[in-house]
$ cat target-v3.pdb   # PDB, C-alpha atoms and all ligand atoms
ATOM      1  CA  MET P   1     110.714  89.090 133.599  1.00  0.00           C
ATOM      2  CA  SER P   2     106.944  88.938 133.895  1.00  0.00           C
ATOM      3  CA  ARG P   3     105.229  86.371 136.090  1.00  0.00           C
ATOM      4  CA  GLU P   4     103.818  84.565 132.980  1.00  0.00           C
ATOM      5  CA  ASN P   5     107.250  84.341 131.384  1.00  0.00           C
ATOM      6  CA  LEU P   6     108.753  83.059 134.602  1.00  0.00           C
ATOM      7  CA  SER P   7     106.093  80.399 135.003  1.00  0.00           C
ATOM      8  CA  GLY P   8     106.569  79.443 131.336  1.00  0.00           C
ATOM      9  CA  LEU P   9     110.291  79.108 131.929  1.00  0.00           C
ATOM     10  CA  VAL P  10     109.722  76.969 135.039  1.00  0.00           C
ATOM     11  CA  ASP P  11     107.327  74.746 133.058  1.00  0.00           C
ATOM     12  CA  ALA P  12     109.865  74.374 130.252  1.00  0.00           C
ATOM     13  CA  CYS P  13     112.606  73.462 132.762  1.00  0.00           C
ATOM     14  CA  LEU P  14     110.345  70.948 134.470  1.00  0.00           C
ATOM     15  CA  PHE P  15     109.380  69.458 131.111  1.00  0.00           C
ATOM     16  CA  PHE P  16     113.063  69.202 130.135  1.00  0.00           C
ATOM     17  CA  MET P  17     114.029  67.643 133.486  1.00  0.00           C
ATOM     18  CA  THR P  18     111.125  65.199 133.320  1.00  0.00           C
ATOM     19  CA  GLY P  19     112.387  64.232 129.866  1.00  0.00           C
ATOM     20  CA  ILE P  20     115.888  63.574 131.218  1.00  0.00           C
ATOM     21  CA  PHE P  21     114.448  61.738 134.226  1.00  0.00           C
ATOM     22  CA  TYR P  22     112.259  59.609 131.932  1.00  0.00           C
ATOM     23  CA  PHE P  23     115.236  58.815 129.691  1.00  0.00           C
ATOM     24  CA  GLU P  24     117.580  57.936 132.561  1.00  0.00           C
ATOM     25  CA  GLU P  25     115.094  56.082 134.760  1.00  0.00           C
ATOM     26  CA  LYS P  26     113.016  54.333 132.120  1.00  0.00           C
ATOM     27  CA  ILE P  27     114.813  54.173 128.772  1.00  0.00           C
ATOM     28  CA  MET P  28     118.409  53.599 129.931  1.00  0.00           C
ATOM     29  CA  PRO P  29     117.880  50.470 132.079  1.00  0.00           C
ATOM     30  CA  GLU P  30     115.621  48.931 129.430  1.00  0.00           C
ATOM     31  CA  LEU P  31     118.106  49.771 126.688  1.00  0.00           C
ATOM     32  CA  LYS P  32     120.963  48.301 128.730  1.00  0.00           C
ATOM     33  CA  ASN P  33     119.033  45.114 129.355  1.00  0.00           C
ATOM     34  CA  LEU P  34     118.010  44.718 125.697  1.00  0.00           C
ATOM     35  CA  LEU P  35     121.529  45.475 124.508  1.00  0.00           C
ATOM     36  CA  GLU P  36     122.911  42.790 126.789  1.00  0.00           C
ATOM     37  CA  GLN P  37     120.470  40.289 125.305  1.00  0.00           C
ATOM     38  CA  SER P  38     121.355  41.345 121.773  1.00  0.00           C
ATOM     39  CA  THR P  39     125.067  41.057 122.545  1.00  0.00           C
ATOM     40  CA  GLN P  40     124.667  37.560 123.985  1.00  0.00           C
ATOM     41  CA  PHE P  41     122.622  36.612 120.968  1.00  0.00           C
ATOM     42  CA  HIS P  42     125.505  37.864 118.868  1.00  0.00           C
ATOM     43  CA  HIS P  43     128.374  35.868 120.415  1.00  0.00           C
ATOM     44  CA  ASP P  44     129.288  38.701 122.812  1.00  0.00           C
ATOM     45  CA  HIS P  45     129.784  41.148 119.982  1.00  0.00           C
ATOM     46  CA  VAL P  46     128.435  44.628 120.600  1.00  0.00           C
ATOM     47  CA  CYS P  47     128.332  47.285 117.901  1.00  0.00           C
ATOM     48  CA  PRO P  48     126.590  50.535 116.903  1.00  0.00           C
ATOM     49  CA  ARG P  49     124.162  48.725 114.579  1.00  0.00           C
ATOM     50  CA  GLN P  50     122.821  46.586 117.407  1.00  0.00           C
ATOM     51  CA  VAL P  51     122.273  49.732 119.482  1.00  0.00           C
ATOM     52  CA  LEU P  52     120.480  51.304 116.523  1.00  0.00           C
ATOM     53  CA  GLY P  53     118.298  48.215 116.169  1.00  0.00           C
ATOM     54  CA  VAL P  54     117.347  48.262 119.845  1.00  0.00           C
ATOM     55  CA  ARG P  55     116.620  52.001 119.743  1.00  0.00           C
ATOM     56  CA  MET P  56     114.541  51.631 116.550  1.00  0.00           C
ATOM     57  CA  GLY P  57     112.492  48.818 118.084  1.00  0.00           C
ATOM     58  CA  MET P  58     111.948  50.723 121.334  1.00  0.00           C
ATOM     59  CA  TYR P  59     110.944  53.849 119.414  1.00  0.00           C
ATOM     60  CA  ALA P  60     108.456  51.850 117.347  1.00  0.00           C
ATOM     61  CA  GLY P  61     106.873  50.577 120.556  1.00  0.00           C
ATOM     62  CA  GLU P  62     106.638  54.109 121.918  1.00  0.00           C
ATOM     63  CA  LEU P  63     105.149  55.627 118.748  1.00  0.00           C
ATOM     64  CA  LEU P  64     102.697  52.789 118.127  1.00  0.00           C
ATOM     65  CA  ASP P  65     101.908  52.606 121.840  1.00  0.00           C
ATOM     66  CA  LEU P  66     102.642  48.888 122.057  1.00  0.00           C
ATOM     67  CA  ALA P  67     104.181  47.019 124.983  1.00  0.00           C
ATOM     68  CA  LEU P  68     107.352  45.485 123.574  1.00  0.00           C
ATOM     69  CA  PRO P  69     108.976  43.006 123.300  1.00  0.00           C
ATOM     70  CA  GLN P  70     105.711  41.417 122.315  1.00  0.00           C
ATOM     71  CA  ALA P  71     104.534  37.987 123.425  1.00  0.00           C
ATOM     72  CA  ASP P  72     102.039  37.800 120.544  1.00  0.00           C
ATOM     73  CA  LYS P  73     102.249  38.512 116.810  1.00  0.00           C
ATOM     74  CA  ARG P  74     100.629  41.925 116.654  1.00  0.00           C
ATOM     75  CA  LEU P  75     103.707  43.819 115.448  1.00  0.00           C
ATOM     76  CA  PHE P  76     105.344  42.901 112.130  1.00  0.00           C
ATOM     77  CA  ALA P  77     108.740  44.270 111.067  1.00  0.00           C
ATOM     78  CA  PHE P  78     110.218  44.659 107.595  1.00  0.00           C
ATOM     79  CA  VAL P  79     113.957  45.108 108.100  1.00  0.00           C
ATOM     80  CA  GLU P  80     115.950  46.490 105.181  1.00  0.00           C
ATOM     81  CA  THR P  81     119.202  44.667 105.834  1.00  0.00           C
ATOM     82  CA  ASP P  82     120.412  41.509 107.500  1.00  0.00           C
ATOM     83  CA  GLY P  83     123.139  41.474 110.155  1.00  0.00           C
ATOM     84  CA  CYS P  84     123.528  43.162 113.521  1.00  0.00           C
ATOM     85  CA  LEU P  85     120.629  45.620 113.152  1.00  0.00           C
ATOM     86  CA  ILE P  86     118.224  42.683 113.070  1.00  0.00           C
ATOM     87  CA  ASP P  87     119.469  41.282 116.373  1.00  0.00           C
ATOM     88  CA  GLY P  88     118.808  44.609 118.080  1.00  0.00           C
ATOM     89  CA  ILE P  89     115.339  44.885 116.548  1.00  0.00           C
ATOM     90  CA  THR P  90     114.518  41.281 117.448  1.00  0.00           C
ATOM     91  CA  VAL P  91     115.274  41.628 121.168  1.00  0.00           C
ATOM     92  CA  ALA P  92     113.549  45.012 121.420  1.00  0.00           C
ATOM     93  CA  THR P  93     110.352  44.035 119.608  1.00  0.00           C
ATOM     94  CA  GLY P  94     110.044  40.252 119.828  1.00  0.00           C
ATOM     95  CA  CYS P  95     109.567  40.229 116.035  1.00  0.00           C
ATOM     96  CA  ALA P  96     111.541  37.398 114.479  1.00  0.00           C
ATOM     97  CA  VAL P  97     111.822  35.524 111.205  1.00  0.00           C
ATOM     98  CA  GLY P  98     111.217  32.316 113.151  1.00  0.00           C
ATOM     99  CA  HIS P  99     107.954  33.724 114.520  1.00  0.00           C
ATOM    100  CA  ARG P 100     106.911  34.869 111.041  1.00  0.00           C
ATOM    101  CA  THR P 101     106.682  38.431 112.340  1.00  0.00           C
ATOM    102  CA  MET P 102     109.754  39.714 110.520  1.00  0.00           C
ATOM    103  CA  ARG P 103     110.837  39.834 106.905  1.00  0.00           C
ATOM    104  CA  VAL P 104     114.202  40.862 105.499  1.00  0.00           C
ATOM    105  CA  MET P 105     113.867  43.228 102.521  1.00  0.00           C
ATOM    106  CA  ASP P 106     117.522  43.309 101.593  1.00  0.00           C
ATOM    107  CA  TYR P 107     118.022  46.903 100.455  1.00  0.00           C
ATOM    108  CA  GLY P 108     121.291  47.181 102.365  1.00  0.00           C
ATOM    109  CA  LYS P 109     119.837  49.964 104.513  1.00  0.00           C
ATOM    110  CA  SER P 110     119.707  50.497 108.250  1.00  0.00           C
ATOM    111  CA  ALA P 111     115.961  50.973 108.151  1.00  0.00           C
ATOM    112  CA  ALA P 112     112.849  49.114 109.176  1.00  0.00           C
ATOM    113  CA  THR P 113     109.108  49.455 108.837  1.00  0.00           C
ATOM    114  CA  PHE P 114     107.034  48.440 111.834  1.00  0.00           C
ATOM    115  CA  VAL P 115     103.433  47.518 111.169  1.00  0.00           C
ATOM    116  CA  ASP P 116     100.763  47.323 113.834  1.00  0.00           C
ATOM    117  CA  THR P 117      98.688  44.558 112.262  1.00  0.00           C
ATOM    118  CA  LEU P 118      95.657  45.541 114.342  1.00  0.00           C
ATOM    119  CA  THR P 119      95.451  49.189 113.296  1.00  0.00           C
ATOM    120  CA  GLU P 120      97.449  48.737 110.043  1.00  0.00           C
ATOM    121  CA  CYS P 121      99.544  51.751 111.009  1.00  0.00           C
ATOM    122  CA  ALA P 122     103.003  51.384 109.406  1.00  0.00           C
ATOM    123  CA  LEU P 123     106.018  53.426 110.503  1.00  0.00           C
ATOM    124  CA  ARG P 124     109.337  53.397 108.696  1.00  0.00           C
ATOM    125  CA  ILE P 125     112.193  54.285 111.019  1.00  0.00           C
ATOM    126  CA  THR P 126     115.702  55.224 109.892  1.00  0.00           C
ATOM    127  CA  PRO P 127     118.657  56.885 111.588  1.00  0.00           C
ATOM    128  CA  THR P 128     118.682  60.643 110.902  1.00  0.00           C
ATOM    129  CA  ARG P 129     121.228  61.857 108.359  1.00  0.00           C
ATOM    130  CA  GLU P 130     122.976  63.804 111.111  1.00  0.00           C
ATOM    131  CA  SER P 131     123.114  60.943 113.618  1.00  0.00           C
ATOM    132  CA  ARG P 132     126.566  59.781 112.564  1.00  0.00           C
ATOM    133  CA  THR P 133     128.199  63.203 112.635  1.00  0.00           C
ATOM    134  CA  ARG P 134     126.363  64.216 115.819  1.00  0.00           C
ATOM    135  CA  ALA P 135     127.714  61.111 117.583  1.00  0.00           C
ATOM    136  CA  ARG P 136     130.995  62.904 118.374  1.00  0.00           C
ATOM    137  CA  ASP P 137     129.109  65.576 120.344  1.00  0.00           C
ATOM    138  CA  TYR P 138     127.577  62.939 122.599  1.00  0.00           C
ATOM    139  CA  ALA P 139     130.794  60.958 123.073  1.00  0.00           C
ATOM    140  CA  PRO P 140     133.666  63.452 122.828  1.00  0.00           C
ATOM    141  CA  ASN P 141     136.091  61.180 124.678  1.00  0.00           C
ATOM    142  CA  ALA P 142     135.555  58.118 122.518  1.00  0.00           C
ATOM    143  CA  SER P 143     138.749  56.694 121.014  1.00  0.00           C
ATOM    144  CA  ASP P 144     137.433  56.588 117.445  1.00  0.00           C
ATOM    145  CA  LYS P 145     134.345  57.066 115.283  1.00  0.00           C
ATOM    146  CA  TRP P 146     133.071  53.519 115.897  1.00  0.00           C
ATOM    147  CA  HIS P 147     133.213  53.876 119.703  1.00  0.00           C
ATOM    148  CA  ALA P 148     131.687  57.354 119.468  1.00  0.00           C
ATOM    149  CA  GLN P 149     128.717  55.890 117.623  1.00  0.00           C
ATOM    150  CA  LEU P 150     128.486  52.929 119.981  1.00  0.00           C
ATOM    151  CA  ASN P 151     128.249  55.217 123.014  1.00  0.00           C
ATOM    152  CA  ALA P 152     126.335  58.109 121.473  1.00  0.00           C
ATOM    153  CA  TYR P 153     123.579  55.957 120.002  1.00  0.00           C
ATOM    154  CA  GLN P 154     122.768  54.832 123.533  1.00  0.00           C
ATOM    155  CA  VAL P 155     122.178  58.347 124.868  1.00  0.00           C
ATOM    156  CA  MET P 156     121.012  60.470 121.939  1.00  0.00           C
ATOM    157  CA  PRO P 157     117.365  61.563 122.181  1.00  0.00           C
ATOM    158  CA  ASN P 158     115.024  59.675 119.845  1.00  0.00           C
ATOM    159  CA  THR P 159     114.317  62.708 117.687  1.00  0.00           C
ATOM    160  CA  GLU P 160     118.003  63.365 117.091  1.00  0.00           C
ATOM    161  CA  LEU P 161     118.922  59.742 116.451  1.00  0.00           C
ATOM    162  CA  LEU P 162     115.905  58.504 114.551  1.00  0.00           C
ATOM    163  CA  LEU P 163     113.451  59.604 111.924  1.00  0.00           C
ATOM    164  CA  ALA P 164     109.997  58.037 111.795  1.00  0.00           C
ATOM    165  CA  GLN P 165     107.658  58.370 108.860  1.00  0.00           C
ATOM    166  CA  GLU P 166     104.216  56.914 108.348  1.00  0.00           C
ATOM    167  CA  VAL P 167     104.132  54.770 105.195  1.00  0.00           C
ATOM    168  CA  LYS P 168     101.619  52.768 103.183  1.00  0.00           C
ATOM    169  CA  LEU P 169     102.566  49.209 102.271  1.00  0.00           C
ATOM    170  CA  ASN P 170     102.640  48.397  98.555  1.00  0.00           C
ATOM    171  CA  ILE P 171     102.527  44.682  99.265  1.00  0.00           C
ATOM    172  CA  SER P 172      99.901  42.662 101.053  1.00  0.00           C
ATOM    173  CA  LEU P 173     100.874  41.781 104.591  1.00  0.00           C
ATOM    174  CA  ALA P 174      97.941  39.359 104.705  1.00  0.00           C
ATOM    175  CA  ALA P 175      99.418  37.515 101.695  1.00  0.00           C
ATOM    176  CA  ILE P 176     102.848  37.394 103.360  1.00  0.00           C
ATOM    177  CA  ILE P 177     101.432  36.040 106.598  1.00  0.00           C
ATOM    178  CA  SER P 178      99.081  33.704 104.653  1.00  0.00           C
ATOM    179  CA  ARG P 179      97.204  30.966 106.517  1.00  0.00           C
ATOM    180  CA  HIS P 180      98.451  28.157 108.668  1.00  0.00           C
ATOM    181  CA  GLY P 181      98.439  24.589 107.398  1.00  0.00           C
ATOM    182  CA  LEU P 182      98.292  25.231 103.645  1.00  0.00           C
ATOM    183  CA  ARG P 183     100.491  22.942 101.557  1.00  0.00           C
ATOM    184  CA  VAL P 184     100.628  22.021  97.869  1.00  0.00           C
ATOM    185  CA  VAL P 185     103.138  20.107  95.755  1.00  0.00           C
ATOM    186  CA  CYS P 186     105.076  21.630  92.836  1.00  0.00           C
ATOM    187  CA  GLU P 187     104.176  19.836  89.592  1.00  0.00           C
ATOM    188  CA  GLU P 188     107.722  20.259  88.285  1.00  0.00           C
ATOM    189  CA  CYS P 189     110.103  19.379  91.157  1.00  0.00           C
ATOM    190  CA  GLY P 190     107.676  17.584  93.452  1.00  0.00           C
ATOM    191  CA  GLU P 191     108.669  19.638  96.504  1.00  0.00           C
ATOM    192  CA  ASP P 192     106.169  20.926  99.044  1.00  0.00           C
ATOM    193  CA  ILE P 193     105.167  24.572  99.005  1.00  0.00           C
ATOM    194  CA  ILE P 194     103.667  26.168 102.105  1.00  0.00           C
ATOM    195  CA  ASN P 195     102.193  29.608 102.879  1.00  0.00           C
ATOM    196  CA  GLU P 196     100.577  30.029  99.426  1.00  0.00           C
ATOM    197  CA  ARG P 197     103.891  30.720  97.703  1.00  0.00           C
ATOM    198  CA  GLU P 198     102.921  28.689  94.622  1.00  0.00           C
ATOM    199  CA  VAL P 199     102.713  30.194  91.131  1.00  0.00           C
ATOM    200  CA  HIS P 200     100.126  29.262  88.477  1.00  0.00           C
ATOM    201  CA  ARG P 201     101.749  28.972  85.041  1.00  0.00           C
ATOM    202  CA  GLU P 202      99.917  27.751  81.939  1.00  0.00           C
ATOM    203  CA  GLY P 203      97.586  25.585  83.927  1.00  0.00           C
ATOM    204  CA  ARG P 204     100.342  24.187  86.113  1.00  0.00           C
ATOM    205  CA  LEU P 205     100.983  24.739  89.775  1.00  0.00           C
ATOM    206  CA  LEU P 206     104.673  25.451  90.331  1.00  0.00           C
ATOM    207  CA  CYS P 207     107.071  26.549  93.055  1.00  0.00           C
ATOM    208  CA  ARG P 208     108.780  29.886  92.523  1.00  0.00           C
ATOM    209  CA  ALA P 209     112.102  28.216  91.805  1.00  0.00           C
ATOM    210  CA  CYS P 210     110.632  26.240  88.913  1.00  0.00           C
ATOM    211  CA  ALA P 211     108.434  29.076  87.619  1.00  0.00           C
ATOM    212  CA  LEU P 212     110.719  32.083  88.020  1.00  0.00           C
ATOM    213  CA  GLY P 213     114.234  30.628  88.250  1.00  0.00           C
ATOM    214  CA  ALA P 214     116.039  29.649  91.424  1.00  0.00           C
ATOM    215  CA  TYR P 215     119.017  31.105  93.265  1.00  0.00           C
ATOM    216  CA  TYR P 216     120.802  27.740  92.763  1.00  0.00           C
ATOM    217  CA  SER P 217     121.446  25.286  89.954  1.00  0.00           C
ATOM    218  CA  PRO P 218     121.356  21.632  90.938  1.00  0.00           C
ATOM    219  CA  SER P 219     124.429  19.561  90.110  1.00  0.00           C
ATOM    220  CA  GLU P 220     124.230  15.920  89.209  1.00  0.00           C
ATOM    221  CA  LEU P 221     125.419  14.857  92.626  1.00  0.00           C
ATOM    222  CA  LEU P 222     123.166  13.959  95.498  1.00  0.00           C
ATOM    223  CA  VAL P 223     125.112  14.176  98.706  1.00  0.00           C
ATOM    224  CA  GLY P 224     124.073  12.275 101.805  1.00  0.00           C
ATOM    225  CA  GLN P 225     125.110   9.474 104.076  1.00  0.00           C
ATOM    226  CA  ASN P 226     124.611   6.745 101.499  1.00  0.00           C
ATOM    227  CA  HIS P 227     123.993   8.839  98.427  1.00  0.00           C
ATOM    228  CA  SER P 228     127.247  10.400  97.258  1.00  0.00           C
ATOM    229  CA  THR P 229     126.734   9.165  93.790  1.00  0.00           C
ATOM    230  CA  HIS P 230     125.589  10.290  90.339  1.00  0.00           C
ATOM    231  CA  LEU P 231     121.905  10.556  89.523  1.00  0.00           C
ATOM    232  CA  ASP P 232     122.059   7.969  86.737  1.00  0.00           C
ATOM    233  CA  THR P 233     123.146   5.297  89.219  1.00  0.00           C
ATOM    234  CA  ILE P 234     120.435   6.064  91.745  1.00  0.00           C
ATOM    235  CA  ASP P 235     117.338   4.019  92.380  1.00  0.00           C
ATOM    236  CA  PHE P 236     114.769   6.828  92.623  1.00  0.00           C
ATOM    237  CA  SER P 237     112.334   4.896  94.776  1.00  0.00           C
ATOM    238  CA  ALA P 238     115.141   4.628  97.350  1.00  0.00           C
ATOM    239  CA  VAL P 239     115.820   8.377  97.097  1.00  0.00           C
ATOM    240  CA  GLU P 240     112.195   9.124  97.833  1.00  0.00           C
ATOM    241  CA  THR P 241     112.314   6.895 100.933  1.00  0.00           C
ATOM    242  CA  TRP P 242     115.513   8.572 102.082  1.00  0.00           C
ATOM    243  CA  ARG P 243     114.036  12.043 101.591  1.00  0.00           C
ATOM    244  CA  ILE P 244     110.957  11.276 103.588  1.00  0.00           C
ATOM    245  CA  ALA P 245     112.947   9.595 106.343  1.00  0.00           C
ATOM    246  CA  ALA P 246     115.453  12.428 106.579  1.00  0.00           C
ATOM    247  CA  LEU P 247     112.991  15.299 106.555  1.00  0.00           C
ATOM    248  CA  PRO P 248     110.450  15.194 109.354  1.00  0.00           C
ATOM    249  CA  MET P 249     106.988  16.248 108.242  1.00  0.00           C
ATOM    250  CA  VAL P 250     106.186  19.642 109.720  1.00  0.00           C
ATOM    251  CA  ASP P 251     102.441  19.696 109.285  1.00  0.00           C
TER     252      ASP P 251
HETATM  253 ZN    ZN P 301     127.771  44.111 114.822  1.00  0.00          ZN
HETATM  254 ZN    ZN P 302     109.281  23.245  91.831  1.00  0.00          ZN
END
$ encode --input "target-v3.pdb" --output "structure tokens"
Amino acid sequence: MSRENLSGLVDACLFFMTGIFYFEEKIMPELKNLLEQSTQFHHDHVCPRQVLGVRMGMYAGELLDLALPQADKRLFAFVETDGCLIDGITVATGCAVGHRTMRVMDYGKSAATFVDTLTECALRITPTRESRTRARDYAPNASDKWHAQLNAYQVMPNTELLLAQEVKLNISLAAIISRHGLRVVCEECGEDIINEREVHREGRLLCRACALGAYYSPSELLVGQNHSTHLDTIDFSAVETWRIAALPMVD
């Protein structure tokens, strides 16, 4: 072997060992810590999807070069399913529905798009197609497929576990985030609408439920401490007072 080849081989070995060292010294403790948080968050339930969520969030931080979990609102996540994956992503990134830095796009997919709102770079991260079948190779002693995935997803290299693709958003993130403190009243149902979610229909300002159809149909019953009664027997001025008393004003 020539001297150049030998030095190339030594470099490759060093690079490989540095990679392992980086994974074991840096990634593993952080992953373990985040997974513990996710598990606690999830009533002590640990599962492969939470591991995937944590790994996806950590990978997003690495690729976008952001220090995560964030203390601000720079990173925004679109997560394509609800459930355990979200808990993993939340602890790893700090993005949360409650912080208005996460939105569930319910496609029923273990996938998420992470948007750096400063640079507008958007990365969609999914598990690789092979990740599930490759899990056995990384956890040959696991008792079943589920445990193999649980263990393997914690040690598989990013590139084998996850696929990241740059994407362009077809919806306006600025419109989703909207502006703080905006509030209008629906001309049909009289309920408040925040975050510019109103719809203009034939000169009227309506909530989406009234304009586009709601996910519920109201019954005739109002249910509450003193209001389990039919609408036609209700004094509406009293209902209004009850509503305002029961619902603290947010703004
Ligand atoms: Zn789970
Ligand atoms: Zn309405």
$ closest_atom_pairs --input "target-v3.pdb" --of "chain P" --to "ligand ZN 301 (chain P)" --cutoff "8 Å" --atoms "all atoms listed in the file" --output "CSV"
residue,atom,partner,partner_atom,distance
P:His42,CA,P:ZN301,ZN,7.8
P:His45,CA,P:ZN301,ZN,6.3
P:Val46,CA,P:ZN301,ZN,5.8
P:Cys47,CA,P:ZN301,ZN,4.5
P:Pro48,CA,P:ZN301,ZN,6.9
P:Arg49,CA,P:ZN301,ZN,5.9
P:Gln50,CA,P:ZN301,ZN,6.1
P:Gly83,CA,P:ZN301,ZN,7.1
P:Cys84,CA,P:ZN301,ZN,4.5
P:Leu85,CA,P:ZN301,ZN,7.5
$ write_last_selection --input "target-v3.pdb" --atoms "C-alpha atoms" --output "compact mmCIF listing (two decimals), in the frame of the given file"
# COMPACT_ATOMS: atom_id res chain seq x y z
CA HIS P 42 125.50 37.86 118.87
CA HIS P 45 129.78 41.15 119.98
CA VAL P 46 128.44 44.63 120.60
CA CYS P 47 128.33 47.28 117.90
CA PRO P 48 126.59 50.54 116.90
CA ARG P 49 124.16 48.72 114.58
CA GLN P 50 122.82 46.59 117.41
CA GLY P 83 123.14 41.47 110.16
CA CYS P 84 123.53 43.16 113.52
CA LEU P 85 120.63 45.62 113.15
$ residues_around --input "target-v3.pdb" --residues "Ala152 (chain P)" --least-positions-apart "5" --cutoff "8 Å" --atoms "all atoms listed in the file" --output "list in words"
Ala135, Arg136, Tyr138 and Ala139 of chain P
$ residues_around --input "target-v3.pdb" --residues "Met58 (chain P)" --least-positions-apart "6" --cutoff "9 Å" --atoms "all atoms listed in the file" --output "PDB file with C-alpha atoms, in the frame of the given file"
ATOM      1  CA  ILE P  27     114.813  54.173 128.772  1.00  0.00           C
ATOM      2  CA  LEU P  31     118.106  49.771 126.688  1.00  0.00           C
ATOM      3  CA  LEU P  68     107.352  45.485 123.574  1.00  0.00           C
ATOM      4  CA  PRO P  69     108.976  43.006 123.300  1.00  0.00           C
ATOM      5  CA  ILE P  89     115.339  44.885 116.548  1.00  0.00           C
ATOM      6  CA  ALA P  92     113.549  45.012 121.420  1.00  0.00           C
ATOM      7  CA  THR P  93     110.352  44.035 119.608  1.00  0.00           C
TER       8      THR P  93
END
$ residues_around --input "target-v3.pdb" --residues "Glu130 (chain P)" --least-positions-apart "5" --cutoff "12 Å" --atoms "only C-alpha atoms" --output "list of chain:residue names"
P:Ala135, P:Arg136, P:Asp137, P:Gln149, P:Tyr153, P:Met156, P:Thr159, P:Glu160, P:Leu161, P:Leu162, P:Leu163
$ resolve_selection --input "target-v3.pdb" --expression "the PyMOL selection byres (((not hetatm)) within 9 of (chain P and resi 302))" --output "list in words"
Val185, Cys186, Glu187, Glu188, Cys189, Gly190, Glu191, Asp192, Ile193, Glu198, Leu205, Leu206, Cys207, Arg208, Ala209, Cys210 and Ala211 of chain P
$ atom_distance --input "target-v3.pdb" --atom1 "CA of Cys121 (chain P)" --atom2 "CA of Asp82 (chain P)"
23.5 Å
$ atom_distance --input "target-v3.pdb" --atom1 "CA of Pro157 (chain P)" --atom2 "CA of Lys26 (chain P)"
13.0 Å
$ residues_around --input "target-v3.pdb" --residues "region 168-176 of chain P" --least-positions-apart "5" --cutoff "8 Å" --atoms "only C-alpha atoms" --output "list of chain:residue names"
P:Ala122, P:Asn195, P:Glu196
$ closest_residue --input "target-v3.pdb" --among "P:Leu150, P:Ala60, P:Ala112, P:Val79" --to "Val97 (chain P)" --atoms "all atoms listed in the file"
P:Val79
$ atom_distance --input "target-v3.pdb" --atom1 "CA of Val184 (chain P)" --atom2 "CA of Gly203 (chain P)"
14.7 Å
$ closest_residue --input "target-v3.pdb" --among "P:Trp146, P:Phe78, P:Phe41, P:Tyr215" --to "Val115 (chain P)" --atoms "all atoms listed in the file"
P:Phe78
